[in-house]
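Chemist: This structure is in structure tokens; I'll ask about it shortly.
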Amino acid sequence: MCAKKTPRRGKSKARSNARSNDRPSDRPNALWGGRFGAGPAAIMEKINASIDFDKKLAIQDIAASIAHCEMLATRGIISRKDGDAIVSGLGKIAKEIQHGTFVFKHELEDIHMNVESRLTEIIGDAAGCLHTARSRNDQVATDFRLWVRDVLDQVEDALTGLQAALIARAEEHAATVMPGFTHLQTAQPVTFGHHMLAYVEMLGRDRGRVADARARLNESPLGAAALAGTSFPIDRRMTARALGFDRPMVNSLDAVSDRDFALEFLSAAAISAVHLSRLADEIVLWCSDAFGFVTLPDSFSTGSSIMPQKRNPDAAELIRAKSGRVAGALMGLLSALKGLPLAYSKDMQEDKEPVFEAADIWLLSLDAMTGMIGDLTVNAGAMREAAGRGHATATDLADWLVRVLDMPFRRAHQVTGLLVKLADEKGCGLADLSLTAMQSVEPRMTADVFKVLDVEKSVASRKSLGGTAPVNVRRAVAAARKTYL
Ligand code: ARG
């Protein structure tokens with residue numbers, strides 16, 4: 001019944017499709033034919049069904065089915081009349097899904113069979129023609145690629161949004177001095193703007209990974225059928241084009257087996273989540289009383305049920321922790337796929353939940369981080385004060401000894417170490433030592449040295465490419481706007 005002018009090779013397949021709809025209703029599953037005499041055990045249905053999570057693919061499933069159906073009709077594999085009925089039925093189903101009136105049924109296992117079964121209810125036997133020349137194996141691979149592609153586009157926007165927020169703060173604080181740390185010990189003064197731009201770069205690489213993943217996943221598995229291709233004269237280029245794919249995948253076995261796109265999505269997500277987690281951790285530190293570098297607004301703080309003074313940075317802590325779940329999702333899927341023979345195995349149904357979970361976390365974390373970065377108050381005074389502690393300009397002093405007294409750096413390092421020790425003994429900073437005290441360590445010292453002990457001068461001097469000087473930061477802000485926004 002499917003074909004307008006039934007092609008020779010399509011005939012028996014089409015007839016058998018039609019017959020499958022006539023099976024008695026007591027049959028276990030109308031979609032897989034006569035060899036089953038009994039329905040699944042309740043526990044079998046429970047472990048097998050994916051509808052609870054793959055209903056997320058409904059819109060992609062319908063789009064792919066419409067593309068497939070149009071192609072089948074254009075190639076004369078099914079009749080135009082059946083094709084039109086199928087497309088209009090699928091349109092109705094899309095509306096039901098959008099309006100939340102579609103009833104997802106567990107016994108129909110997954111989204112593909114839920115949609116096809118509803119199509120049968122709406123248009124009758126013609127629905128049975130839709131599955132000609134395809135399988136759920138190429139169908140699910142297609143739907144899932146479309147879904148991941150949509151999410152990657154949303155992530156790209158969200159990453160850009162966070163970069164914009166960071167760049168704005170960097171411009172505002174191009175000259176705001178804070179202590180830079182290594183080992184979380186005061187190292188050298190940097191600017192808060194420079195620190196913000198460090199994350200802009202990380203997010204830029206995250207966007208690069210998103211773009212790479214998107215480009216590689218954008219090939220169509222549709223038409224690979226179960227694993228070997230099909231004997232019907234399909235046009236895979238047509239369906240690929242209709243779904244916005246760059247081209248059909250070239251090998252049918254690979255098309256149904258490949259989940260690299262999900263792994264690439266998860267690894268890009270995991271790396272990005274680690275970046276967000278590091279920034280989140282810094283926010284947690286910065287808004288502690290011990291640091292006091294930033295204050296989160298009420299809208300991004302939570303209170304304590306017992307300690308009235310508390311303002312907790314829960315959003316930052318949750319972003320920090322959720323990154324672990326994203327990394328876990330990647331590990332889980334890598335482990336599930338490892339060692340699977342070609343082509344499809346049901347193991348692959350386990351690819352969706354980790355990807356769905358990681359996508360939700362990635363987008364939520366990006367939005368929450370963008371909100372926090374935009375709304376936090378920078379306490380420039382506290383940062384400046386902390387930058388003045390911990391002998392942050394000791395390296396500047398050593399550099400001065402190299403430049404002015406022509407010492408080898410190693411010797412300068414040693415002399416500076418002695419001066420730091422002296423300052424510690426006196427309980428003061430390097431800049432508070434008298435010239436005489438300094439000359440007791442190195443007689444050639446002059447008052448000129450005091451010029452480099454000031455933190456503002458220290459940051460201003462770091463004008464090397466990629467350095468923290470405010471003039472660099474202002475230039476980097478302009479460059480980042482051009483590159484990323
Ligand atoms: N729900 C299945 C999945 O997500 C669809 C593919 C089923 N294919 C099969 N041969 N049983 O993987």
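How things are named: the first chain in the structure tokens is A, the next is B, and so on; residues count from 1 in each chain; ligands count from 1 in the order shown.
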Can you pull out the residues contacting range 332-347 of chain A? Cut-off 9 Å, using only C-alpha atoms, and skip same-chain residues under 6 positions away; I want them as number ranges by chain.

Modeler: A: 48, 137, 226-227, 253-259, 262-263, 266, 354-355

Chemist: Kindly export the residues of the current selection with N, CA, C and O atoms, as a PDB file, in the first residue's frame.

Modeler:
```pdb
ATOM      1  N   ASN A  48      13.821  -2.100  29.866  1.00  0.00           N
ATOM      2  CA  ASN A  48      13.989  -1.842  28.431  1.00  0.00           C
ATOM      3  C   ASN A  48      13.547  -0.438  28.019  1.00  0.00           C
ATOM      4  O   ASN A  48      14.111   0.152  27.103  1.00  0.00           O
ATOM      5  N   ASN A 137      17.692   2.240  14.632  1.00  0.00           N
ATOM      6  CA  ASN A 137      19.124   2.466  14.878  1.00  0.00           C
ATOM      7  C   ASN A 137      19.622   3.743  14.210  1.00  0.00           C
ATOM      8  O   ASN A 137      20.333   4.544  14.829  1.00  0.00           O
ATOM      9  N   ALA A 226      19.244  -0.388   9.601  1.00  0.00           N
ATOM     10  CA  ALA A 226      19.625  -1.118  10.819  1.00  0.00           C
ATOM     11  C   ALA A 226      21.131  -1.131  10.998  1.00  0.00           C
ATOM     12  O   ALA A 226      21.650  -0.906  12.086  1.00  0.00           O
ATOM     13  N   LEU A 227      21.854  -1.381   9.918  1.00  0.00           N
ATOM     14  CA  LEU A 227      23.325  -1.395   9.967  1.00  0.00           C
ATOM     15  C   LEU A 227      23.971  -1.474   8.598  1.00  0.00           C
ATOM     16  O   LEU A 227      25.129  -1.118   8.428  1.00  0.00           O
ATOM     17  N   LEU A 253      27.617   1.111   8.887  1.00  0.00           N
ATOM     18  CA  LEU A 253      27.930   0.498  10.191  1.00  0.00           C
ATOM     19  C   LEU A 253      28.380   1.566  11.182  1.00  0.00           C
ATOM     20  O   LEU A 253      27.960   1.606  12.339  1.00  0.00           O
ATOM     21  N   ASP A 254      29.246   2.446  10.697  1.00  0.00           N
ATOM     22  CA  ASP A 254      29.729   3.535  11.548  1.00  0.00           C
ATOM     23  C   ASP A 254      28.569   4.448  11.936  1.00  0.00           C
ATOM     24  O   ASP A 254      28.473   4.895  13.081  1.00  0.00           O
ATOM     25  N   ALA A 255      27.688   4.706  10.963  1.00  0.00           N
ATOM     26  CA  ALA A 255      26.594   5.659  11.197  1.00  0.00           C
ATOM     27  C   ALA A 255      25.727   5.245  12.385  1.00  0.00           C
ATOM     28  O   ALA A 255      25.326   6.079  13.190  1.00  0.00           O
ATOM     29  N   VAL A 256      25.442   3.948  12.511  1.00  0.00           N
ATOM     30  CA  VAL A 256      24.567   3.524  13.613  1.00  0.00           C
ATOM     31  C   VAL A 256      25.349   3.222  14.902  1.00  0.00           C
ATOM     32  O   VAL A 256      24.762   3.147  15.979  1.00  0.00           O
ATOM     33  N   SER A 257      26.656   3.035  14.783  1.00  0.00           N
ATOM     34  CA  SER A 257      27.448   2.649  15.962  1.00  0.00           C
ATOM     35  C   SER A 257      28.133   3.818  16.635  1.00  0.00           C
ATOM     36  O   SER A 257      28.477   3.741  17.809  1.00  0.00           O
ATOM     37  N   ASP A 258      28.396   4.855  15.865  1.00  0.00           N
ATOM     38  CA  ASP A 258      29.220   5.944  16.384  1.00  0.00           C
ATOM     39  C   ASP A 258      28.505   6.741  17.466  1.00  0.00           C
ATOM     40  O   ASP A 258      27.370   7.179  17.271  1.00  0.00           O
ATOM     41  N   ARG A 259      29.190   6.893  18.580  1.00  0.00           N
ATOM     42  CA  ARG A 259      28.723   7.829  19.609  1.00  0.00           C
ATOM     43  C   ARG A 259      29.842   8.801  19.976  1.00  0.00           C
ATOM     44  O   ARG A 259      29.829   9.407  21.042  1.00  0.00           O
ATOM     45  N   ALA A 262      28.642  12.117  21.094  1.00  0.00           N
ATOM     46  CA  ALA A 262      28.204  12.253  22.488  1.00  0.00           C
ATOM     47  C   ALA A 262      29.424  12.365  23.416  1.00  0.00           C
ATOM     48  O   ALA A 262      29.428  13.152  24.369  1.00  0.00           O
ATOM     49  N   LEU A 263      30.464  11.589  23.095  1.00  0.00           N
ATOM     50  CA  LEU A 263      31.685  11.662  23.909  1.00  0.00           C
ATOM     51  C   LEU A 263      32.353  13.023  23.772  1.00  0.00           C
ATOM     52  O   LEU A 263      32.847  13.590  24.758  1.00  0.00           O
ATOM     53  N   LEU A 266      30.459  15.457  25.758  1.00  0.00           N
ATOM     54  CA  LEU A 266      30.707  15.314  27.191  1.00  0.00           C
ATOM     55  C   LEU A 266      32.108  15.763  27.578  1.00  0.00           C
ATOM     56  O   LEU A 266      32.308  16.319  28.651  1.00  0.00           O
ATOM     57  N   PRO A 354      23.359  10.455  30.511  1.00  0.00           N
ATOM     58  CA  PRO A 354      24.532  11.283  30.872  1.00  0.00           C
ATOM     59  C   PRO A 354      24.618  12.570  30.052  1.00  0.00           C
ATOM     60  O   PRO A 354      24.984  13.620  30.592  1.00  0.00           O
ATOM     61  N   VAL A 355      24.266  12.466  28.778  1.00  0.00           N
ATOM     62  CA  VAL A 355      24.328  13.673  27.934  1.00  0.00           C
ATOM     63  C   VAL A 355      23.257  14.679  28.358  1.00  0.00           C
ATOM     64  O   VAL A 355      23.524  15.881  28.470  1.00  0.00           O
TER      65      VAL A 355
END
```

Chemist: Taking only C-alpha atoms and all ligand atoms and a cut-off of 12 Å, can you tell me which residues surround ligand 1, written as a ChimeraX atom specification?

Modeler: /A:31-32,47-57,61,106,108-114,134-144,225-227,256-259,343-353

Chemist: Go ahead and write the residues just picked, C-alpha atoms, as an mmCIF file, in the first residue's frame.

Modeler:
```
data_model
loop_
_atom_site.group_PDB
_atom_site.id
_atom_site.type_symbol
_atom_site.label_atom_id
_atom_site.label_comp_id
_atom_site.auth_asym_id
_atom_site.auth_seq_id
_atom_site.Cartn_x
_atom_site.Cartn_y
_atom_site.Cartn_z
ATOM 1 C CA LEU A 31 5.707 -3.045 15.687
ATOM 2 C CA TRP A 32 7.809 -6.182 15.704
ATOM 3 C CA ILE A 47 14.554 -2.172 32.171
ATOM 4 C CA ASN A 48 13.989 -1.842 28.431
ATOM 5 C CA ALA A 49 11.914 1.329 28.253
ATOM 6 C CA SER A 50 13.683 4.585 27.550
ATOM 7 C CA ILE A 51 10.620 6.773 27.066
ATOM 8 C CA ASP A 52 11.002 8.431 30.470
ATOM 9 C CA PHE A 53 14.143 10.146 29.228
ATOM 10 C CA ASP A 54 14.181 9.913 25.422
ATOM 11 C CA LYS A 55 10.904 11.830 25.211
ATOM 12 C CA LYS A 56 13.295 14.788 25.156
ATOM 13 C CA LEU A 57 14.023 13.775 21.546
ATOM 14 C CA ASP A 61 12.273 12.549 16.041
ATOM 15 C CA HIS A 106 5.793 3.023 28.797
ATOM 16 C CA LEU A 108 5.709 1.527 23.722
ATOM 17 C CA GLU A 109 9.289 1.549 24.966
ATOM 18 C CA ASP A 110 10.797 4.619 23.363
ATOM 19 C CA ILE A 111 10.065 7.903 21.637
ATOM 20 C CA HIS A 112 10.245 6.390 18.160
ATOM 21 C CA MET A 113 7.551 3.828 18.825
ATOM 22 C CA ASN A 114 5.428 6.274 20.808
ATOM 23 C CA ARG A 134 14.981 2.999 8.036
ATOM 24 C CA SER A 135 15.474 1.440 11.449
ATOM 25 C CA ARG A 136 15.342 2.768 14.963
ATOM 26 C CA ASN A 137 19.124 2.466 14.878
ATOM 27 C CA ASP A 138 19.680 5.200 12.296
ATOM 28 C CA GLN A 139 16.629 7.017 13.646
ATOM 29 C CA VAL A 140 17.934 7.352 17.189
ATOM 30 C CA ALA A 141 21.426 8.271 15.981
ATOM 31 C CA THR A 142 19.875 11.023 13.848
ATOM 32 C CA ASP A 143 17.556 12.343 16.558
ATOM 33 C CA PHE A 144 20.318 12.391 19.136
ATOM 34 C CA ALA A 225 18.938 1.700 8.346
ATOM 35 C CA ALA A 226 19.625 -1.118 10.819
ATOM 36 C CA LEU A 227 23.325 -1.395 9.967
ATOM 37 C CA VAL A 256 24.567 3.524 13.613
ATOM 38 C CA SER A 257 27.448 2.649 15.962
ATOM 39 C CA ASP A 258 29.220 5.944 16.384
ATOM 40 C CA ARG A 259 28.723 7.829 19.609
ATOM 41 C CA ALA A 343 26.997 -2.320 15.095
ATOM 42 C CA TYR A 344 24.138 -1.355 17.429
ATOM 43 C CA SER A 345 23.783 -2.817 20.906
ATOM 44 C CA LYS A 346 21.160 -1.804 23.422
ATOM 45 C CA ASP A 347 24.012 -0.631 25.638
ATOM 46 C CA MET A 348 23.937 2.449 23.443
ATOM 47 C CA GLN A 349 20.563 3.492 24.816
ATOM 48 C CA GLU A 350 22.538 4.390 27.948
ATOM 49 C CA ASP A 351 24.155 7.273 26.043
ATOM 50 C CA LYS A 352 21.272 9.656 26.582
ATOM 51 C CA GLU A 353 20.903 10.216 30.302
#
```

Chemist: Taking the chain letters and numbering used in this document, name the residues of range 15-193 of chain A that DSSP puts in helix (DSSP H, G or I), as a PyMOL selection string.

Modeler: chain A and resi 15-20+42-48+51-74+80-99+106-108+111-129+136-172+192-193

Chemist: Write out as a PDB file with N, CA, C and O atoms, in the first residue's frame the residues lying within 10 Å of Gly324 in chain A, counting only C-alpha atoms and excluding same-chain residues fewer than 6 positions away.

Modeler:
```
ATOM      1  N   ALA A 270      32.819  18.577  30.131  1.00  0.00           N
ATOM      2  CA  ALA A 270      33.591  18.319  31.356  1.00  0.00           C
ATOM      3  C   ALA A 270      34.712  19.349  31.512  1.00  0.00           C
ATOM      4  O   ALA A 270      34.940  19.866  32.612  1.00  0.00           O
ATOM      5  N   ALA A 273      33.135  22.597  32.407  1.00  0.00           N
ATOM      6  CA  ALA A 273      32.633  22.550  33.792  1.00  0.00           C
ATOM      7  C   ALA A 273      33.792  22.709  34.783  1.00  0.00           C
ATOM      8  O   ALA A 273      33.622  23.300  35.850  1.00  0.00           O
ATOM      9  N   VAL A 274      34.953  22.193  34.416  1.00  0.00           N
ATOM     10  CA  VAL A 274      36.123  22.366  35.282  1.00  0.00           C
ATOM     11  C   VAL A 274      36.521  23.850  35.331  1.00  0.00           C
ATOM     12  O   VAL A 274      36.845  24.389  36.398  1.00  0.00           O
ATOM     13  N   SER A 277      34.116  25.504  37.505  1.00  0.00           N
ATOM     14  CA  SER A 277      34.332  25.083  38.885  1.00  0.00           C
ATOM     15  C   SER A 277      35.495  25.863  39.520  1.00  0.00           C
ATOM     16  O   SER A 277      35.443  26.234  40.697  1.00  0.00           O
TER      17      SER A 277
END
```

Chemist: Range 83-98 of chain A: which residues within 10 Å, counting only C-alpha atoms, same-chain residues fewer than 4 positions away excluded, as an MDAnalysis selection string?

Modeler: chainID A and resid 2:4 55 58:63 65:74 76:79 102:104 115:116 118:124 126:130

Chemist: With distances taken over only C-alpha atoms, which residue among A:Leu401, A:Val441, A:Leu197, A:Ala387 lies nearest Arg474 in chain A?

Modeler: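 Among the listed residues, the smallest separation from Arg474 in chain A belongs to A:Leu197.
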
Chemist: Can you pull out every residue within 7 Å of Ala175 in chain A, counting only C-alpha atoms, but drop anything in the same chain fewer than 2 positions away, and send it as a VMD selection string?

Modeler: chain A and resid 173 177 191 470

Chemist: Please write the residues from the selection above to a file, keeping N, CA, C and O atoms, as a PDB file, in the first residue's frame.

Modeler:
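File written: result-v7.pdb
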```
ATOM      1  N   HIS A 173      37.731  46.990  35.837  1.00  0.00           N
ATOM      2  CA  HIS A 173      38.789  46.776  36.833  1.00  0.00           C
ATOM      3  C   HIS A 173      40.151  46.507  36.204  1.00  0.00           C
ATOM      4  O   HIS A 173      40.954  45.749  36.737  1.00  0.00           O
ATOM      5  N   VAL A 177      44.123  46.535  41.620  1.00  0.00           N
ATOM      6  CA  VAL A 177      45.211  45.626  42.003  1.00  0.00           C
ATOM      7  C   VAL A 177      44.726  44.610  43.037  1.00  0.00           C
ATOM      8  O   VAL A 177      44.024  44.953  43.985  1.00  0.00           O
ATOM      9  N   THR A 191      46.134  42.447  38.253  1.00  0.00           N
ATOM     10  CA  THR A 191      44.905  43.241  38.291  1.00  0.00           C
ATOM     11  C   THR A 191      43.697  42.304  38.205  1.00  0.00           C
ATOM     12  O   THR A 191      43.781  41.214  37.608  1.00  0.00           O
ATOM     13  N   PRO A 470      47.876  47.406  33.539  1.00  0.00           N
ATOM     14  CA  PRO A 470      46.564  47.948  33.144  1.00  0.00           C
ATOM     15  C   PRO A 470      46.495  48.344  31.663  1.00  0.00           C
ATOM     16  O   PRO A 470      45.467  48.120  31.021  1.00  0.00           O
TER      17      PRO A 470
END
```

Chemist: Just the number, please: distance in Å from CA of Leu243 in chain A to CA of Ala133 in chain A, one decimal.

Modeler: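 Result for CA of Leu243 in chain A versus CA of Ala133 in chain A: 17.3 Å, one decimal.
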
Chemist: Which of these residues is nearest to Gly427 in chain A, using only C-alpha atoms: A:Asp375, A:Gly328, A:Arg389, A:His194?

Modeler: A:Arg389

Chemist: Applying 10 Å and only C-alpha atoms, which residues near Gly180 in chain A remain after dropping the ones on its own chain fewer than 4 positions away? List them as number ranges by chain.

Modeler: A: 184-192, 195, 386-387, 392

Chemist: List as a Markdown table every residue of range 222-334 of chain A that is in contact with range 201-214 of chain A, defined as an atom at most 9 Å from one of its atoms (using only C-alpha atoms), together with the nearest atom pair and the distance in Å rounded to one decimal, sorted by chain and then rising number.

Modeler:
```
| residue | atom | partner | partner_atom | distance |
| --- | --- | --- | --- | --- |
| A:Phe261 | CA | A:Ala213 | CA | 6.6 |
| A:Ala262 | CA | A:Ala213 | CA | 9.0 |
| A:Glu264 | CA | A:Ala213 | CA | 5.9 |
| A:Phe265 | CA | A:Ala213 | CA | 6.4 |
| A:Ser267 | CA | A:Arg209 | CA | 8.9 |
| A:Ala268 | CA | A:Arg209 | CA | 5.8 |
| A:Ala269 | CA | A:Asp206 | CA | 8.2 |
| A:Ile271 | CA | A:Asp206 | CA | 7.4 |
| A:Ser272 | CA | A:Asp206 | CA | 5.8 |
| A:His275 | CA | A:Met202 | CA | 6.9 |
| A:Leu276 | CA | A:Leu203 | CA | 8.9 |
```

Chemist: Please identify the strand (DSSP E) residues within range 112-356 of chain A (assignment by DSSP from backbone atoms) and present them as a ChimeraX atom specification.

Modeler: /A:177-182,185-191,219-220,247-248,294-295

Chemist: Output N, CA, C and O atoms for every residue in the selection just made, as a CSV table (one decimal), in the first residue's frame.

Modeler:
```csv
chain,number,residue,atom,x,y,z
A,177,VAL,N,44.1,46.5,41.6
A,177,VAL,CA,45.2,45.6,42.0
A,177,VAL,C,44.7,44.6,43.0
A,177,VAL,O,44.0,45.0,44.0
A,178,MET,N,45.1,43.4,42.8
A,178,MET,CA,44.8,42.3,43.8
A,178,MET,C,46.1,41.4,43.9
A,178,MET,O,46.9,41.5,43.0
A,179,PRO,N,46.2,40.6,44.9
A,179,PRO,CA,47.3,39.7,45.0
A,179,PRO,C,47.1,38.6,44.0
A,179,PRO,O,46.0,38.0,43.9
A,180,GLY,N,48.1,38.3,43.2
A,180,GLY,CA,48.1,37.0,42.4
A,180,GLY,C,48.7,35.9,43.3
A,180,GLY,O,49.6,36.2,44.1
A,181,PHE,N,48.2,34.7,43.1
A,181,PHE,CA,48.7,33.6,44.0
A,181,PHE,C,49.3,32.5,43.2
A,181,PHE,O,48.9,32.2,42.0
A,182,THR,N,50.3,31.8,43.8
A,182,THR,CA,50.6,30.5,43.4
A,182,THR,C,50.7,29.7,44.7
A,182,THR,O,51.0,30.3,45.7
A,185,GLN,N,49.5,31.1,47.9
A,185,GLN,CA,50.4,32.0,48.7
A,185,GLN,C,50.6,33.2,47.8
A,185,GLN,O,50.7,33.1,46.6
A,186,THR,N,50.6,34.4,48.5
A,186,THR,CA,50.8,35.6,47.7
A,186,THR,C,52.0,35.5,46.8
A,186,THR,O,53.1,35.1,47.3
A,187,ALA,N,51.9,35.8,45.6
A,187,ALA,CA,53.0,35.6,44.6
A,187,ALA,C,53.4,37.0,44.1
A,187,ALA,O,54.5,37.5,44.5
A,188,GLN,N,52.6,37.6,43.2
A,188,GLN,CA,52.9,38.9,42.7
A,188,GLN,C,51.6,39.6,42.5
A,188,GLN,O,50.6,39.0,42.2
A,189,PRO,N,51.6,41.0,42.6
A,189,PRO,CA,50.3,41.7,42.3
A,189,PRO,C,49.9,41.5,40.9
A,189,PRO,O,50.7,41.5,40.0
A,190,VAL,N,48.6,41.4,40.7
A,190,VAL,CA,48.0,41.4,39.3
A,190,VAL,C,46.8,42.3,39.4
A,190,VAL,O,46.5,42.9,40.4
A,191,THR,N,46.1,42.4,38.3
A,191,THR,CA,44.9,43.2,38.3
A,191,THR,C,43.7,42.3,38.2
A,191,THR,O,43.8,41.2,37.6
A,219,GLU,N,26.9,15.3,10.5
A,219,GLU,CA,26.7,14.4,9.4
A,219,GLU,C,25.5,13.5,9.7
A,219,GLU,O,25.3,13.1,10.8
A,220,SER,N,24.8,13.1,8.7
A,220,SER,CA,23.6,12.4,8.9
A,220,SER,C,23.7,10.9,8.8
A,220,SER,O,24.2,10.3,7.8
A,247,ARG,N,26.4,16.6,5.3
A,247,ARG,CA,26.5,15.5,4.4
A,247,ARG,C,26.0,14.2,5.1
A,247,ARG,O,26.0,14.2,6.3
A,248,PRO,N,25.7,13.1,4.3
A,248,PRO,CA,25.4,11.8,5.0
A,248,PRO,C,26.7,11.2,5.5
A,248,PRO,O,27.8,11.4,4.9
A,294,VAL,N,35.3,40.1,47.2
A,294,VAL,CA,34.0,40.5,46.5
A,294,VAL,C,32.9,40.2,47.5
A,294,VAL,O,33.0,39.5,48.5
A,295,THR,N,31.7,40.8,47.1
A,295,THR,CA,30.5,40.6,47.9
A,295,THR,C,29.4,40.2,46.9
A,295,THR,O,29.3,40.8,45.8
```

Chemist: Set out as a Markdown table a contact list for range 327-402 of chain A and range 447-468 of chain A with a cut-off of 10 Å, giving each residue of range 327-402 of chain A that qualifies its closest atom pair and distance in Å to one decimal, counting only C-alpha atoms, ordered by chain and rising residue number.

Modeler:
```
| residue | atom | partner | partner_atom | distance |
| --- | --- | --- | --- | --- |
| A:Arg384 | CA | A:Val455 | CA | 8.3 |
| A:Glu385 | CA | A:Val455 | CA | 9.9 |
| A:Ala387 | CA | A:Val455 | CA | 7.0 |
| A:Gly388 | CA | A:Val455 | CA | 6.6 |
| A:Arg389 | CA | A:Val455 | CA | 9.9 |
| A:His391 | CA | A:Leu453 | CA | 8.9 |
| A:Ala392 | CA | A:Val455 | CA | 7.6 |
| A:Thr393 | CA | A:Leu453 | CA | 5.5 |
| A:Ala394 | CA | A:Leu453 | CA | 7.6 |
| A:Thr395 | CA | A:Ser458 | CA | 9.2 |
| A:Asp396 | CA | A:Val452 | CA | 6.0 |
| A:Leu397 | CA | A:Val452 | CA | 6.5 |
| A:Ala398 | CA | A:Val452 | CA | 9.9 |
| A:Asp399 | CA | A:Val452 | CA | 9.1 |
| A:Trp400 | CA | A:Val449 | CA | 6.8 |
| A:Leu401 | CA | A:Val449 | CA | 8.4 |
```
